[in-house]
Amino acid sequence: MCGIVGYIGFQEAYPILINGLKRLEYRGYDSAGVALLYNDNIHVYKRKGKVQDLESYVNRQQPPATLGIGHTRWATHGEPSDLNAHPHFSQSKRFAIIHNGIIENYHILKKRLQDRGYHFESETDTEVLAHLIEEVYSVGNVTPAEAVRLALTKVEGAFGLVVVCNEEPDLLIAARRASPLVIGLGEGEYFVASDATPIVEFTKSVIYLNDNDIAIIRRDEVTIKTIKNDTVIPEIQTLNIELSAIEKGGYDHFMLKEIFEQPHSIQDSLRGRISHDLREVRLGGLDHMEDKLVAAKRIIIVACGTSWHAGLVGEYLIEELARLPVEVEYASEFRYRNPVLYPEDIVIAISQSGETADTLAAVKLAKEFGCTVLGVCNVVGSSIPRETDGGVYIHAGPEIGVASTKAFTGQVTALTLMAMLIGRKRNTLSEERFHDLVREIVRLPDVISQVLEQVNDQVREISEQYKDAANFLYLGRGCNFPVALEGALKLKEISYIHAEGYPAAEMKHGPIALIDENMPVVFIATKDKSYDKILSNIQEVKARKGNVIAVVTQGDSTIENLADHVLEIPVIDEILMPVVAVVPLQLLSYYIAVLRGCNVDQPRNLAKSVTVE
């Protein structure tokens, strides 16, 4: 979950590293540091806090090095502090290392190193790895790259790391296992990063490292080997990210920008997947899976966080349109509870980053059982698409805000297309209904543009009234129940207000005890087959003096007369309503967080890509 950046070339390294860390800060922002190799000395600067705190500390005193590494941290081992910040030196300061991941056997390794006279300044597992590399280098009479390789054979756990050695001023060593790393190939220069955001302004040519790859990067070449010392012929890929996509573009926060990008991001999710005559849905990543999807007896969706909520919507969609039983599992629980799986099962893994550690582990477990595994991901070239048998990219573009918005709507859009495609192929979805849904889904970008235009100012006003609330309750039914969960999660993530999402009918089984005049209750109350039931739930809340904020279908005068606040959204098929209904809830969480003075894009204790367990 930490951010890693490295540079070797002809330019001064420090500005490249600092700007790269700023772009990676969404991955972790407890502390930051850089190491610069100059005149055979490694100069390390690190500080607790944001990248800007590091920048102020360095204050232009850095040497003009053309090789360096940088790191922005999300703490796992050891609290955020100057000492625990990366990079970490080896004992003789011959090596410096930055690391993302968790070394699971660090206790054992640390004890052995202490017995051999090594001293530790930090509480981190990373410092253990720095000393281990030095130990191998000193005892084994090997090269720095070989020392790193041999040290990693003794390591259990996850890592993405970059190492420099003061005896090799023209060398970066990078390695990964279950933690992403990408190498950018420039003209006479090379870049290393946790993702492509620090690289895109310099080059579009990249190599994505695979698990257990080690990259030996010199000023004139890159060599890739495995930890077993096998040579790897890398695949050079082309980035399709534009620099403007990772900048705020005039918005106050990335989150607000990404909320307002949703008409465009959903359009990109749909592009090329619906025929011009609106009679077919085509998902190229599933073409070779058609027979298995038609013959499937069960689908299992594995995901975490917001992606899990998208999976819950997918459960409703696939069961409704394709008449296939669907189970939605937390990936973190799925992998540990000895699940019952059969080779004919289809497992769908959902992850924005494509690197979520628990989801990736669930993918590998499902493959061990012989299941067909599909991915729904945003980041091209990430681990889950490379591990799965097929799948769908959502094409939402880079999502920098830690609280996911456009990725959620992109995931639900992709799952809707999948449900429609499977339903049509299985003949459980009539041709007439299929065509109606196609006509409706192509309206989504315009409908969401209309929602943003209509409710933005209204949501800002409502937020003023409820910004100091201690608790919120979110309620929905059917495929809008996961939307209630997602709305509550967004509010918790960025405003730090306690919020819970429930199926509206479950309110009477406990949560109703919380309702009084101080409790805002958000209803997703659009007109569908459960409308009359949710109307009764609203009346039950009002009878107990609760404050009702209702997301309703445009023109609904009944709820308007009951609720304290009504947010109208356009009429659209109820199957597609989750994509539309979530938008006012995203805005509500955003404006409340802003009014409370919270750091919207970098909420405390969170990181964007959860690459550790």
# chains A, B, ... in the order shown; residues from 1 in each chain; ligands from 1
call {"tool": "residues_around", "arguments": {"residues": "Gly381 (chain A)", "least_positions_apart": "3", "cutoff": "8 Å", "atoms": "only C-alpha atoms", "output": "list in words"}}
result
Tyr208, Pro385 and Arg386 of chain A
call {"tool": "residues_around", "arguments": {"residues": "Asn471 (chain A)", "least_positions_apart": "4", "cutoff": "12 Å", "atoms": "only C-alpha atoms", "output": "PyMOL selection string"}}
result
chain A and resi 466-467+488+491-492+495-501+511+514-522+546-547
call {"tool": "residues_around", "arguments": {"residues": "Ser90 (chain A)", "least_positions_apart": "3", "cutoff": "8 Å", "atoms": "only C-alpha atoms", "output": "PDB file with all heavy atoms, in the first residue's frame"}}
result
ATOM      1  N   LYS A  93      25.539   1.056   5.986  1.00  0.00           N
ATOM      2  CA  LYS A  93      25.032   2.071   5.060  1.00  0.00           C
ATOM      3  C   LYS A  93      25.522   1.839   3.632  1.00  0.00           C
ATOM      4  O   LYS A  93      25.552   2.749   2.813  1.00  0.00           O
ATOM      5  CB  LYS A  93      25.377   3.491   5.541  1.00  0.00           C
ATOM      6  CG  LYS A  93      24.767   3.816   6.898  1.00  0.00           C
ATOM      7  CD  LYS A  93      24.836   5.280   7.239  1.00  0.00           C
ATOM      8  CE  LYS A  93      24.092   5.551   8.547  1.00  0.00           C
ATOM      9  NZ  LYS A  93      24.136   6.964   8.959  1.00  0.00           N
ATOM     10  N   ARG A  94      25.854   0.587   3.358  1.00  0.00           N
ATOM     11  CA  ARG A  94      26.242   0.217   2.004  1.00  0.00           C
ATOM     12  C   ARG A  94      25.012   0.112   1.100  1.00  0.00           C
ATOM     13  O   ARG A  94      25.051   0.450  -0.077  1.00  0.00           O
ATOM     14  CB  ARG A  94      26.980  -1.123   2.039  1.00  0.00           C
ATOM     15  CG  ARG A  94      27.466  -1.607   0.689  1.00  0.00           C
ATOM     16  CD  ARG A  94      28.159  -2.965   0.828  1.00  0.00           C
ATOM     17  NE  ARG A  94      29.467  -2.827   1.446  1.00  0.00           N
ATOM     18  CZ  ARG A  94      29.887  -3.548   2.494  1.00  0.00           C
ATOM     19  NH1 ARG A  94      29.069  -4.435   3.057  1.00  0.00           N
ATOM     20  NH2 ARG A  94      31.101  -3.394   2.981  1.00  0.00           N
ATOM     21  N   PHE A  95      23.904  -0.373   1.668  1.00  0.00           N
ATOM     22  CA  PHE A  95      22.653  -0.529   0.926  1.00  0.00           C
ATOM     23  C   PHE A  95      21.582   0.374   1.519  1.00  0.00           C
ATOM     24  O   PHE A  95      21.569   0.623   2.735  1.00  0.00           O
ATOM     25  CB  PHE A  95      22.158  -1.973   0.993  1.00  0.00           C
ATOM     26  CG  PHE A  95      23.021  -2.975   0.286  1.00  0.00           C
ATOM     27  CD1 PHE A  95      24.022  -3.661   0.972  1.00  0.00           C
ATOM     28  CD2 PHE A  95      22.828  -3.247  -1.055  1.00  0.00           C
ATOM     29  CE1 PHE A  95      24.811  -4.591   0.328  1.00  0.00           C
ATOM     30  CE2 PHE A  95      23.617  -4.183  -1.707  1.00  0.00           C
ATOM     31  CZ  PHE A  95      24.614  -4.845  -1.023  1.00  0.00           C
ATOM     32  N   ALA A  96      20.659   0.824   0.664  1.00  0.00           N
ATOM     33  CA  ALA A  96      19.418   1.480   1.110  1.00  0.00           C
ATOM     34  C   ALA A  96      18.266   0.840   0.353  1.00  0.00           C
ATOM     35  O   ALA A  96      18.398   0.473  -0.830  1.00  0.00           O
ATOM     36  CB  ALA A  96      19.463   2.976   0.868  1.00  0.00           C
ATOM     37  N   GLU A 127      13.691  -2.917   7.535  1.00  0.00           N
ATOM     38  CA  GLU A 127      15.082  -2.806   7.967  1.00  0.00           C
ATOM     39  C   GLU A 127      15.715  -4.195   8.099  1.00  0.00           C
ATOM     40  O   GLU A 127      16.924  -4.372   7.854  1.00  0.00           O
ATOM     41  CB  GLU A 127      15.180  -2.044   9.285  1.00  0.00           C
ATOM     42  CG  GLU A 127      16.617  -1.687   9.647  1.00  0.00           C
ATOM     43  CD  GLU A 127      16.736  -0.974  10.975  1.00  0.00           C
ATOM     44  OE1 GLU A 127      15.720  -0.805  11.679  1.00  0.00           O
ATOM     45  OE2 GLU A 127      17.877  -0.591  11.328  1.00  0.00           O
ATOM     46  N   ALA A 130      16.970  -5.022   4.715  1.00  0.00           N
ATOM     47  CA  ALA A 130      18.199  -4.288   4.389  1.00  0.00           C
ATOM     48  C   ALA A 130      19.421  -4.971   4.999  1.00  0.00           C
ATOM     49  O   ALA A 130      20.455  -5.172   4.332  1.00  0.00           O
ATOM     50  CB  ALA A 130      18.083  -2.844   4.880  1.00  0.00           C
ATOM     51  N   HIS A 131      19.334  -5.337   6.281  1.00  0.00           N
ATOM     52  CA  HIS A 131      20.452  -6.002   6.938  1.00  0.00           C
ATOM     53  C   HIS A 131      20.702  -7.399   6.352  1.00  0.00           C
ATOM     54  O   HIS A 131      21.849  -7.831   6.231  1.00  0.00           O
ATOM     55  CB  HIS A 131      20.193  -6.126   8.440  1.00  0.00           C
ATOM     56  CG  HIS A 131      20.192  -4.809   9.160  1.00  0.00           C
ATOM     57  ND1 HIS A 131      20.937  -3.734   8.752  1.00  0.00           N
ATOM     58  CD2 HIS A 131      19.552  -4.402  10.291  1.00  0.00           C
ATOM     59  CE1 HIS A 131      20.750  -2.719   9.576  1.00  0.00           C
ATOM     60  NE2 HIS A 131      19.900  -3.104  10.529  1.00  0.00           N
ATOM     61  N   ILE A 133      20.217  -8.379   3.273  1.00  0.00           N
ATOM     62  CA  ILE A 133      20.925  -8.227   1.997  1.00  0.00           C
ATOM     63  C   ILE A 133      22.414  -7.977   2.247  1.00  0.00           C
ATOM     64  O   ILE A 133      23.280  -8.562   1.592  1.00  0.00           O
ATOM     65  CB  ILE A 133      20.297  -7.092   1.178  1.00  0.00           C
ATOM     66  CG1 ILE A 133      18.889  -7.487   0.720  1.00  0.00           C
ATOM     67  CG2 ILE A 133      21.172  -6.733  -0.029  1.00  0.00           C
ATOM     68  CD1 ILE A 133      18.075  -6.350   0.146  1.00  0.00           C
ATOM     69  N   GLU A 134      22.707  -7.121   3.224  1.00  0.00           N
ATOM     70  CA  GLU A 134      24.108  -6.850   3.531  1.00  0.00           C
ATOM     71  C   GLU A 134      24.811  -8.102   4.051  1.00  0.00           C
ATOM     72  O   GLU A 134      25.976  -8.367   3.708  1.00  0.00           O
ATOM     73  CB  GLU A 134      24.231  -5.720   4.546  1.00  0.00           C
ATOM     74  CG  GLU A 134      25.678  -5.423   4.921  1.00  0.00           C
ATOM     75  CD  GLU A 134      25.815  -4.111   5.661  1.00  0.00           C
ATOM     76  OE1 GLU A 134      25.561  -3.065   5.050  1.00  0.00           O
ATOM     77  OE2 GLU A 134      26.172  -4.152   6.850  1.00  0.00           O
TER      78      GLU A 134
END
call {"tool": "closest_residue", "arguments": {"among": "A:Phe10, A:Phe408, A:Tyr502, A:Tyr251", "to": "Tyr190 (chain A)", "atoms": "only C-alpha atoms"}}
result
A:Phe10
call {"tool": "residues_around", "arguments": {"residues": "Tyr106 (chain A)", "least_positions_apart": "2", "cutoff": "12 Å", "atoms": "only C-alpha atoms", "output": "list in words"}}
result
His77, Gly101, Ile102, Ile103, Glu104, Ile108, Leu109, Lys110, Lys111, Arg112, Leu113, Gln114, Glu123, Thr124, Asp125, Thr126, Glu127, Val128, Leu129, Ala130, His131, Leu132, Leu152, Lys154, Val155, Glu156, Gly157 and Ala158 of chain A
call {"tool": "residues_around", "arguments": {"residues": "Gln52 (chain A)", "least_positions_apart": "5", "cutoff": "12 Å", "atoms": "only C-alpha atoms", "output": "ChimeraX atom specification"}}
result
/A:18-19,21-23,25,29-33,46-47,57-59,72
call {"tool": "residues_around", "arguments": {"residues": "Asp556 (chain A)", "least_positions_apart": "3", "cutoff": "12 Å", "atoms": "only C-alpha atoms", "output": "compact mmCIF listing (two decimals) with N, CA and C atoms, in the first residue's frame"}}
result
# COMPACT_ATOMS: atom_id res chain seq x y z
N ALA A 525 -35.05 5.36 -2.47
CA ALA A 525 -36.49 5.07 -2.54
C ALA A 525 -37.02 5.31 -3.94
N THR A 526 -36.34 4.81 -4.94
CA THR A 526 -36.77 4.97 -6.32
C THR A 526 -37.93 4.03 -6.61
N LYS A 527 -38.67 4.32 -7.67
CA LYS A 527 -39.88 3.54 -7.97
C LYS A 527 -39.50 2.23 -8.63
N TYR A 531 -41.34 -0.43 -4.04
CA TYR A 531 -41.59 0.97 -3.68
C TYR A 531 -42.57 1.10 -2.51
N LEU A 535 -41.83 2.83 1.16
CA LEU A 535 -42.67 3.95 1.60
C LEU A 535 -43.11 3.74 3.04
N ALA A 550 -34.22 11.44 1.11
CA ALA A 550 -34.67 10.40 0.20
C ALA A 550 -34.19 10.67 -1.22
N VAL A 551 -33.59 9.64 -1.82
CA VAL A 551 -33.26 9.67 -3.24
C VAL A 551 -34.44 9.01 -3.96
N VAL A 552 -35.13 9.79 -4.79
CA VAL A 552 -36.39 9.33 -5.37
C VAL A 552 -36.38 9.50 -6.88
N THR A 553 -37.32 8.84 -7.52
CA THR A 553 -37.51 9.00 -8.95
C THR A 553 -38.18 10.33 -9.23
N ILE A 559 -43.41 10.77 -1.70
CA ILE A 559 -42.31 10.84 -0.74
C ILE A 559 -41.93 12.28 -0.47
N GLU A 560 -42.10 13.14 -1.45
CA GLU A 560 -41.80 14.56 -1.25
C GLU A 560 -42.59 15.12 -0.06
N ASN A 561 -43.79 14.62 0.13
CA ASN A 561 -44.63 15.10 1.24
C ASN A 561 -44.28 14.45 2.57
N LEU A 562 -43.45 13.40 2.55
CA LEU A 562 -43.07 12.70 3.77
C LEU A 562 -41.67 13.07 4.25
N ALA A 563 -40.74 13.15 3.31
CA ALA A 563 -39.32 13.29 3.66
C ALA A 563 -38.97 14.73 3.99
N VAL A 566 -35.60 15.75 -0.40
CA VAL A 566 -35.78 14.83 -1.53
C VAL A 566 -34.77 15.18 -2.61
N LEU A 567 -34.06 14.16 -3.09
CA LEU A 567 -33.12 14.31 -4.20
C LEU A 567 -33.66 13.51 -5.37
N GLU A 568 -34.10 14.20 -6.41
CA GLU A 568 -34.73 13.53 -7.54
C GLU A 568 -33.70 13.11 -8.57
N ILE A 569 -33.87 11.90 -9.08
CA ILE A 569 -33.03 11.41 -10.16
C ILE A 569 -33.93 10.95 -11.31
N PRO A 570 -33.44 11.00 -12.55
CA PRO A 570 -34.30 10.69 -13.70
C PRO A 570 -34.80 9.25 -13.69
N VAL A 571 -35.87 9.04 -14.41
CA VAL A 571 -36.43 7.70 -14.58
C VAL A 571 -35.50 6.88 -15.47
call {"tool": "residues_around", "arguments": {"residues": "Asp277 (chain A)", "least_positions_apart": "2", "cutoff": "12 Å", "atoms": "only C-alpha atoms", "output": "ChimeraX atom specification"}}
result
/A:273-275,279-281,435,438-439,442
call {"tool": "write_last_selection", "arguments": {"atoms": "all heavy atoms", "output": "JSON list (two decimals), in the first residue's frame"}}
result
[["chain", "number", "residue", "atom", "x", "y", "z"],
["A", 273, "ARG", "N", -18.59, -1.87, -26.89],
["A", 273, "ARG", "CA", -19.19, -3.08, -26.34],
["A", 273, "ARG", "C", -20.65, -3.26, -26.71],
["A", 273, "ARG", "O", -21.24, -4.29, -26.40],
["A", 273, "ARG", "CB", -19.02, -3.08, -24.81],
["A", 273, "ARG", "CG", -17.56, -3.27, -24.42],
["A", 273, "ARG", "CD", -17.26, -3.02, -22.99],
["A", 273, "ARG", "NE", -15.91, -3.50, -22.67],
["A", 273, "ARG", "CZ", -15.28, -3.27, -21.54],
["A", 273, "ARG", "NH1", -15.86, -2.56, -20.59],
["A", 273, "ARG", "NH2", -14.06, -3.74, -21.36],
["A", 274, "ILE", "N", -21.21, -2.24, -27.32],
["A", 274, "ILE", "CA", -22.59, -2.32, -27.79],
["A", 274, "ILE", "C", -22.59, -2.01, -29.28],
["A", 274, "ILE", "O", -22.01, -1.01, -29.71],
["A", 274, "ILE", "CB", -23.50, -1.34, -27.02],
["A", 274, "ILE", "CG1", -23.57, -1.76, -25.55],
["A", 274, "ILE", "CG2", -24.89, -1.29, -27.63],
["A", 274, "ILE", "CD1", -24.32, -0.80, -24.67],
["A", 275, "SER", "N", -23.21, -2.87, -30.07],
["A", 275, "SER", "CA", -23.20, -2.70, -31.52],
["A", 275, "SER", "C", -23.93, -1.43, -31.92],
["A", 275, "SER", "O", -24.79, -0.91, -31.18],
["A", 275, "SER", "CB", -23.83, -3.91, -32.20],
["A", 275, "SER", "OG", -25.19, -4.05, -31.81],
["A", 279, "ARG", "N", -28.19, -3.95, -30.95],
["A", 279, "ARG", "CA", -28.78, -5.28, -30.86],
["A", 279, "ARG", "C", -27.85, -6.32, -30.23],
["A", 279, "ARG", "O", -28.27, -7.45, -29.97],
["A", 279, "ARG", "CB", -29.20, -5.76, -32.26],
["A", 279, "ARG", "CG", -30.22, -4.83, -32.92],
["A", 279, "ARG", "CD", -30.80, -5.45, -34.16],
["A", 279, "ARG", "NE", -31.66, -6.57, -33.86],
["A", 279, "ARG", "CZ", -32.94, -6.46, -33.47],
["A", 279, "ARG", "NH1", -33.49, -5.27, -33.32],
["A", 279, "ARG", "NH2", -33.65, -7.54, -33.22],
["A", 280, "GLU", "N", -26.58, -5.94, -29.96],
["A", 280, "GLU", "CA", -25.64, -6.90, -29.39],
["A", 280, "GLU", "C", -24.78, -6.26, -28.32],
["A", 280, "GLU", "O", -24.47, -5.07, -28.39],
["A", 280, "GLU", "CB", -24.71, -7.44, -30.49],
["A", 280, "GLU", "CG", -25.34, -8.37, -31.48],
["A", 280, "GLU", "CD", -24.29, -8.93, -32.43],
["A", 280, "GLU", "OE1", -23.49, -9.78, -31.98],
["A", 280, "GLU", "OE2", -24.25, -8.49, -33.59],
["A", 281, "VAL", "N", -24.40, -7.08, -27.35],
["A", 281, "VAL", "CA", -23.37, -6.71, -26.37],
["A", 281, "VAL", "C", -22.16, -7.60, -26.64],
["A", 281, "VAL", "O", -22.29, -8.82, -26.76],
["A", 281, "VAL", "CB", -23.87, -6.91, -24.93],
["A", 281, "VAL", "CG1", -22.71, -6.80, -23.94],
["A", 281, "VAL", "CG2", -24.93, -5.89, -24.58],
["A", 435, "HIS", "N", -33.21, -5.82, -25.64],
["A", 435, "HIS", "CA", -33.12, -4.59, -26.44],
["A", 435, "HIS", "C", -33.54, -3.38, -25.63],
["A", 435, "HIS", "O", -32.97, -2.28, -25.78],
["A", 435, "HIS", "CB", -33.96, -4.72, -27.71],
["A", 435, "HIS", "CG", -33.42, -5.74, -28.67],
["A", 435, "HIS", "ND1", -34.21, -6.41, -29.58],
["A", 435, "HIS", "CD2", -32.17, -6.22, -28.85],
["A", 435, "HIS", "CE1", -33.45, -7.25, -30.28],
["A", 435, "HIS", "NE2", -32.23, -7.16, -29.84],
["A", 438, "VAL", "N", -30.56, -2.52, -23.49],
["A", 438, "VAL", "CA", -29.49, -1.89, -24.28],
["A", 438, "VAL", "C", -29.81, -0.43, -24.53],
["A", 438, "VAL", "O", -28.94, 0.45, -24.38],
["A", 438, "VAL", "CB", -29.29, -2.64, -25.62],
["A", 438, "VAL", "CG1", -28.35, -1.86, -26.53],
["A", 438, "VAL", "CG2", -28.71, -4.03, -25.37],
["A", 439, "ARG", "N", -31.05, -0.15, -24.90],
["A", 439, "ARG", "CA", -31.44, 1.25, -25.14],
["A", 439, "ARG", "C", -31.31, 2.08, -23.86],
["A", 439, "ARG", "O", -30.94, 3.26, -23.91],
["A", 439, "ARG", "CB", -32.87, 1.31, -25.67],
["A", 439, "ARG", "CG", -33.00, 0.91, -27.13],
["A", 439, "ARG", "CD", -34.37, 1.24, -27.67],
["A", 439, "ARG", "NE", -35.39, 0.35, -27.11],
["A", 439, "ARG", "CZ", -35.75, -0.81, -27.66],
["A", 439, "ARG", "NH1", -35.17, -1.22, -28.78],
["A", 439, "ARG", "NH2", -36.68, -1.55, -27.10],
["A", 442, "VAL", "N", -27.34, 2.72, -22.75],
["A", 442, "VAL", "CA", -26.61, 3.75, -23.50],
["A", 442, "VAL", "C", -27.02, 5.16, -23.06],
["A", 442, "VAL", "O", -26.33, 6.13, -23.38],
["A", 442, "VAL", "CB", -26.80, 3.59, -25.03],
["A", 442, "VAL", "CG1", -26.22, 2.27, -25.50],
["A", 442, "VAL", "CG2", -28.25, 3.73, -25.44]]
